[in-house]
Amino acid sequence: MPKVLIPTPLRPYVDNQDEVSIDKEGPISDVLASLISQYPSLQNHLYDGEGSLRGFINVYVNDEDIRYQDGEKTIVNANQDVSIVPSIAGGI
Amino acid sequence: MHSGLTMITISQTLLSELQAHGVREFPHECCGAMLGEQTLNSETGDLTKQIIELIPIDNHWTVSDDDGFDKRRRFAIRPEDYQAVEKAAKAKNLTLLGFYHSHPDHPAIPSATDLKFAWPNFSYIIQSIITKVPAEIHSYVLDLDAGQFKPEGLEIYA
Ligand SMILES: [Zn+2]
């Protein structure tokens, strides 16, 4: 089963786990949908109102940003890790 | 998620490290991660976070990133640096409490840009550095319902 690594700020929405195993392989969009079906309060933190992945979230499959793979169609296999990595930035 | 009051504590030694980082990078913004421990008071629901370690991180903001401003007014942390601090926290059995950054020649008030990138459940410490001298410092957490930052207590101990 693929594992999704949950960043610290989102752990309160997944019972404080740092990773969640998902009983689903295939496109990353399906894997994330499965994660959200288990933990619905993640929805608004991962997706915007139009159903697009939020811009300040980086999703890595096998340590590579899905933007440089097939985006949300990037395939996740059984033994692969998915990392959700928040963008941290700011200023004045 | 957490509904009680939150407070964050930092030792004078770590505060001096944080301020030295801000002075060193001046007139650019500095940034870094804060690792530590959290204690929830089950009676009051209040959450106290103790900073145990700071991890300075290179400011990787590039002008093309967004809005024409440079590192004097912006900071950005690379995803690989973010992942490294999560790994470090796990290895040390600590919690990634949040991030600090400096406001060169500007008060320690969160900006619209800070809000745009803010995550729930993190502390954001802002250190004002005025003409290369540390000035006020404040900590904030995102209030999800209000869609803005709220200040949290920042206690400096010897
Ligand atoms: Zn700021």
# chains A, B, ... in the order shown; residues from 1 in each chain; ligands from 1

$ closest_atom_pairs --of "chain B" --to "chain A" --cutoff "10 Å" --atoms "only C-alpha atoms" --output "JSON lines"
{"residue": "B:Met1", "atom": "CA", "partner": "A:Pro12", "partner_atom": "CA", "distance": 6.8}
{"residue": "B:His2", "atom": "CA", "partner": "A:Pro12", "partner_atom": "CA", "distance": 8.5}
{"residue": "B:Glu29", "atom": "CA", "partner": "A:Gly91", "partner_atom": "CA", "distance": 7.5}
{"residue": "B:Cys30", "atom": "CA", "partner": "A:Gly91", "partner_atom": "CA", "distance": 9.8}
{"residue": "B:Cys31", "atom": "CA", "partner": "A:Ala89", "partner_atom": "CA", "distance": 9.0}
{"residue": "B:Asn59", "atom": "CA", "partner": "A:Ala89", "partner_atom": "CA", "distance": 9.1}
{"residue": "B:His60", "atom": "CA", "partner": "A:Ala89", "partner_atom": "CA", "distance": 9.3}
{"residue": "B:Trp61", "atom": "CA", "partner": "A:Ala89", "partner_atom": "CA", "distance": 8.0}
{"residue": "B:Phe69", "atom": "CA", "partner": "A:Gly91", "partner_atom": "CA", "distance": 9.4}
{"residue": "B:Asp70", "atom": "CA", "partner": "A:Gly91", "partner_atom": "CA", "distance": 9.6}
{"residue": "B:Lys71", "atom": "CA", "partner": "A:Gly91", "partner_atom": "CA", "distance": 8.3}
{"residue": "B:Arg72", "atom": "CA", "partner": "A:Gly91", "partner_atom": "CA", "distance": 8.3}
{"residue": "B:Arg73", "atom": "CA", "partner": "A:Gly91", "partner_atom": "CA", "distance": 5.2}
{"residue": "B:Arg74", "atom": "CA", "partner": "A:Gly91", "partner_atom": "CA", "distance": 3.9}
{"residue": "B:Phe75", "atom": "CA", "partner": "A:Ala89", "partner_atom": "CA", "distance": 5.4}
{"residue": "B:Ala76", "atom": "CA", "partner": "A:Ala89", "partner_atom": "CA", "distance": 4.1}
{"residue": "B:Ile77", "atom": "CA", "partner": "A:Ile88", "partner_atom": "CA", "distance": 5.4}
{"residue": "B:Arg78", "atom": "CA", "partner": "A:Ser87", "partner_atom": "CA", "distance": 7.5}
{"residue": "B:Pro79", "atom": "CA", "partner": "A:Val85", "partner_atom": "CA", "distance": 6.3}
{"residue": "B:Glu80", "atom": "CA", "partner": "A:Val85", "partner_atom": "CA", "distance": 8.7}
{"residue": "B:Asp81", "atom": "CA", "partner": "A:Ile88", "partner_atom": "CA", "distance": 9.9}
{"residue": "B:Tyr82", "atom": "CA", "partner": "A:Val85", "partner_atom": "CA", "distance": 7.3}
{"residue": "B:Gln83", "atom": "CA", "partner": "A:Val85", "partner_atom": "CA", "distance": 7.1}
{"residue": "B:Glu86", "atom": "CA", "partner": "A:Pro7", "partner_atom": "CA", "distance": 7.5}
{"residue": "B:Ala89", "atom": "CA", "partner": "A:Thr8", "partner_atom": "CA", "distance": 9.9}
{"residue": "B:Lys90", "atom": "CA", "partner": "A:Asp18", "partner_atom": "CA", "distance": 9.4}
{"residue": "B:Thr95", "atom": "CA", "partner": "A:Thr8", "partner_atom": "CA", "distance": 7.8}
{"residue": "B:Leu96", "atom": "CA", "partner": "A:Thr8", "partner_atom": "CA", "distance": 6.6}
{"residue": "B:Leu97", "atom": "CA", "partner": "A:Thr8", "partner_atom": "CA", "distance": 8.3}
{"residue": "B:Gly98", "atom": "CA", "partner": "A:Pro9", "partner_atom": "CA", "distance": 8.6}
{"residue": "B:Phe99", "atom": "CA", "partner": "A:Ile88", "partner_atom": "CA", "distance": 8.3}
{"residue": "B:His101", "atom": "CA", "partner": "A:Gly91", "partner_atom": "CA", "distance": 7.9}
{"residue": "B:Ser102", "atom": "CA", "partner": "A:Gly91", "partner_atom": "CA", "distance": 8.1}
{"residue": "B:His103", "atom": "CA", "partner": "A:Ile92", "partner_atom": "CA", "distance": 6.2}
{"residue": "B:Pro104", "atom": "CA", "partner": "A:Ile92", "partner_atom": "CA", "distance": 8.3}
{"residue": "B:Asp105", "atom": "CA", "partner": "A:Ile92", "partner_atom": "CA", "distance": 9.6}
{"residue": "B:His106", "atom": "CA", "partner": "A:Ile92", "partner_atom": "CA", "distance": 7.3}
{"residue": "B:Pro107", "atom": "CA", "partner": "A:Ile92", "partner_atom": "CA", "distance": 8.8}
{"residue": "B:Ala108", "atom": "CA", "partner": "A:Ile92", "partner_atom": "CA", "distance": 8.9}
{"residue": "B:Ile109", "atom": "CA", "partner": "A:Ile92", "partner_atom": "CA", "distance": 8.2}
{"residue": "B:Pro110", "atom": "CA", "partner": "A:Ile92", "partner_atom": "CA", "distance": 7.1}
{"residue": "B:Ser111", "atom": "CA", "partner": "A:Ile92", "partner_atom": "CA", "distance": 5.3}
{"residue": "B:Ala112", "atom": "CA", "partner": "A:Ile92", "partner_atom": "CA", "distance": 7.9}
{"residue": "B:Thr113", "atom": "CA", "partner": "A:Gly90", "partner_atom": "CA", "distance": 5.0}
{"residue": "B:Asp114", "atom": "CA", "partner": "A:Gly90", "partner_atom": "CA", "distance": 4.1}
{"residue": "B:Leu115", "atom": "CA", "partner": "A:Gly90", "partner_atom": "CA", "distance": 7.6}
{"residue": "B:Lys116", "atom": "CA", "partner": "A:Gly90", "partner_atom": "CA", "distance": 7.7}
{"residue": "B:Phe117", "atom": "CA", "partner": "A:Ala89", "partner_atom": "CA", "distance": 5.9}
{"residue": "B:Ala118", "atom": "CA", "partner": "A:Ile88", "partner_atom": "CA", "distance": 7.6}
{"residue": "B:Trp119", "atom": "CA", "partner": "A:Pro9", "partner_atom": "CA", "distance": 6.4}
{"residue": "B:Pro120", "atom": "CA", "partner": "A:Pro9", "partner_atom": "CA", "distance": 5.8}
{"residue": "B:Asn121", "atom": "CA", "partner": "A:Pro9", "partner_atom": "CA", "distance": 5.2}
{"residue": "B:Phe122", "atom": "CA", "partner": "A:Pro9", "partner_atom": "CA", "distance": 6.1}
{"residue": "B:Ser123", "atom": "CA", "partner": "A:Pro9", "partner_atom": "CA", "distance": 9.9}
{"residue": "B:Ile126", "atom": "CA", "partner": "A:Gly91", "partner_atom": "CA", "distance": 9.6}

$ closest_residue --among "B:Asn93, B:His28, B:Asp58, B:Leu144" --to "ligand 1" --atoms "only C-alpha atoms and all ligand atoms"
B:His28

$ select_by_dssp --residues "chain A" --states "helix (DSSP H, G or I)" --output "PyMOL selection string"
chain A and resi 8-14+28-38+40-46+66-68+71-73

$ residues_around --residues "B:Glu43" --least-positions-apart "4" --cutoff "12 Å" --atoms "only C-alpha atoms" --output "PDB file with C-alpha atoms, in the first residue's frame"
ATOM      1  CA  GLY B   4      -7.523  27.061  23.659  1.00  0.00           C
ATOM      2  CA  THR B  39       2.226  20.502  26.267  1.00  0.00           C
ATOM      3  CA  LEU B  47      -1.250  24.721  24.582  1.00  0.00           C
TER       4      LEU B  47
END

$ atom_distance --atom1 "atom CA of B:Phe26" --atom2 "atom CA of B:Ile137"
15.6 Å

$ atom_distance --atom1 "atom CA of A:Ser21" --atom2 "atom CA of A:Thr74"
17.7 Å

$ residues_around --residues "stretch 79-81 of chain A" --least-positions-apart "2" --cutoff "6 Å" --atoms "only C-alpha atoms" --output "PyMOL selection string"
chain A and resi 2-4+62+77

$ write_last_selection --atoms "N, CA, C and O atoms" --output "mmCIF file, in the first residue's frame"
data_model
loop_
_atom_site.group_PDB
_atom_site.id
_atom_site.type_symbol
_atom_site.label_atom_id
_atom_site.label_comp_id
_atom_site.auth_asym_id
_atom_site.auth_seq_id
_atom_site.Cartn_x
_atom_site.Cartn_y
_atom_site.Cartn_z
ATOM 1 N N PRO A 2 0.534 2.233 -0.828
ATOM 2 C CA PRO A 2 1.298 3.478 -0.757
ATOM 3 C C PRO A 2 1.072 4.175 0.583
ATOM 4 O O PRO A 2 0.014 4.024 1.193
ATOM 5 N N LYS A 3 2.101 4.899 0.986
ATOM 6 C CA LYS A 3 2.005 5.677 2.219
ATOM 7 C C LYS A 3 1.999 7.153 1.857
ATOM 8 O O LYS A 3 2.775 7.583 0.998
ATOM 9 N N VAL A 4 1.164 7.918 2.518
ATOM 10 C CA VAL A 4 1.187 9.364 2.344
ATOM 11 C C VAL A 4 1.806 9.972 3.603
ATOM 12 O O VAL A 4 1.316 9.740 4.720
ATOM 13 N N ASN A 62 7.600 9.395 -4.971
ATOM 14 C CA ASN A 62 8.972 8.896 -5.095
ATOM 15 C C ASN A 62 9.992 10.027 -5.120
ATOM 16 O O ASN A 62 10.899 10.052 -5.959
ATOM 17 N N ASN A 77 2.479 3.623 -7.175
ATOM 18 C CA ASN A 77 2.460 2.167 -7.019
ATOM 19 C C ASN A 77 2.492 1.778 -5.551
ATOM 20 O O ASN A 77 2.708 2.622 -4.673
#

$ select_by_dssp --residues "stretch 80-150 of chain B" --states "strand (DSSP E)" --output "number ranges by chain"
B: 95-104, 123-130, 133-143, 148-150

$ residues_around --residues "B:Gly32" --least-positions-apart "2" --cutoff "6 Å" --atoms "only C-alpha atoms" --output "list in words"
Ile55, Pro56, Ile57, Phe99 and Tyr100 of chain B

$ write_last_selection --atoms "all heavy atoms" --output "CSV table (one decimal), in the first residue's frame"
chain,number,residue,atom,x,y,z
B,55,ILE,N,16.7,25.9,13.6
B,55,ILE,CA,17.4,25.4,12.5
B,55,ILE,C,17.4,26.6,11.4
B,55,ILE,O,16.4,26.8,10.8
B,55,ILE,CB,16.9,24.2,11.8
B,55,ILE,CG1,16.8,23.0,12.9
B,55,ILE,CG2,17.7,23.7,10.6
B,55,ILE,CD1,16.3,21.7,12.3
B,56,PRO,N,18.5,27.4,11.3
B,56,PRO,CA,18.5,28.4,10.3
B,56,PRO,C,18.4,27.8,8.9
B,56,PRO,O,19.0,26.7,8.7
B,56,PRO,CB,19.9,29.1,10.5
B,56,PRO,CG,20.4,28.6,11.8
B,56,PRO,CD,19.8,27.3,12.1
B,57,ILE,N,17.7,28.4,8.0
B,57,ILE,CA,17.5,27.9,6.7
B,57,ILE,C,17.8,29.0,5.7
B,57,ILE,O,17.5,30.2,6.0
B,57,ILE,CB,16.0,27.4,6.5
B,57,ILE,CG1,15.7,26.3,7.5
B,57,ILE,CG2,15.8,27.0,5.0
B,57,ILE,CD1,14.3,25.9,7.5
B,99,PHE,N,7.9,28.4,12.1
B,99,PHE,CA,9.1,29.0,11.4
B,99,PHE,C,9.2,30.4,11.9
B,99,PHE,O,8.2,31.1,12.3
B,99,PHE,CB,8.8,29.0,9.9
B,99,PHE,CG,9.0,27.6,9.3
B,99,PHE,CD1,7.9,26.8,9.2
B,99,PHE,CD2,10.2,27.1,8.9
B,99,PHE,CE1,8.0,25.5,8.8
B,99,PHE,CE2,10.3,25.8,8.4
B,99,PHE,CZ,9.2,25.0,8.3
B,100,TYR,N,10.4,30.9,11.9
B,100,TYR,CA,10.6,32.3,12.2
B,100,TYR,C,11.2,33.0,10.9
B,100,TYR,O,11.7,32.4,10.0
B,100,TYR,CB,11.6,32.5,13.3
B,100,TYR,CG,13.1,32.1,13.1
B,100,TYR,CD1,14.0,33.0,12.5
B,100,TYR,CD2,13.5,30.8,13.3
B,100,TYR,CE1,15.3,32.6,12.3
B,100,TYR,CE2,14.8,30.4,13.1
B,100,TYR,CZ,15.7,31.3,12.6
B,100,TYR,OH,17.0,30.9,12.3

$ closest_residue --among "B:Ser128, B:Thr9, B:Gln50, B:Gln148" --to "ligand 1" --atoms "only C-alpha atoms and all ligand atoms"
B:Ser128

$ closest_residue --among "A:Leu5, A:Val61, A:Leu42, A:Leu35" --to "A:Ile75" --atoms "only C-alpha atoms"
A:Val61
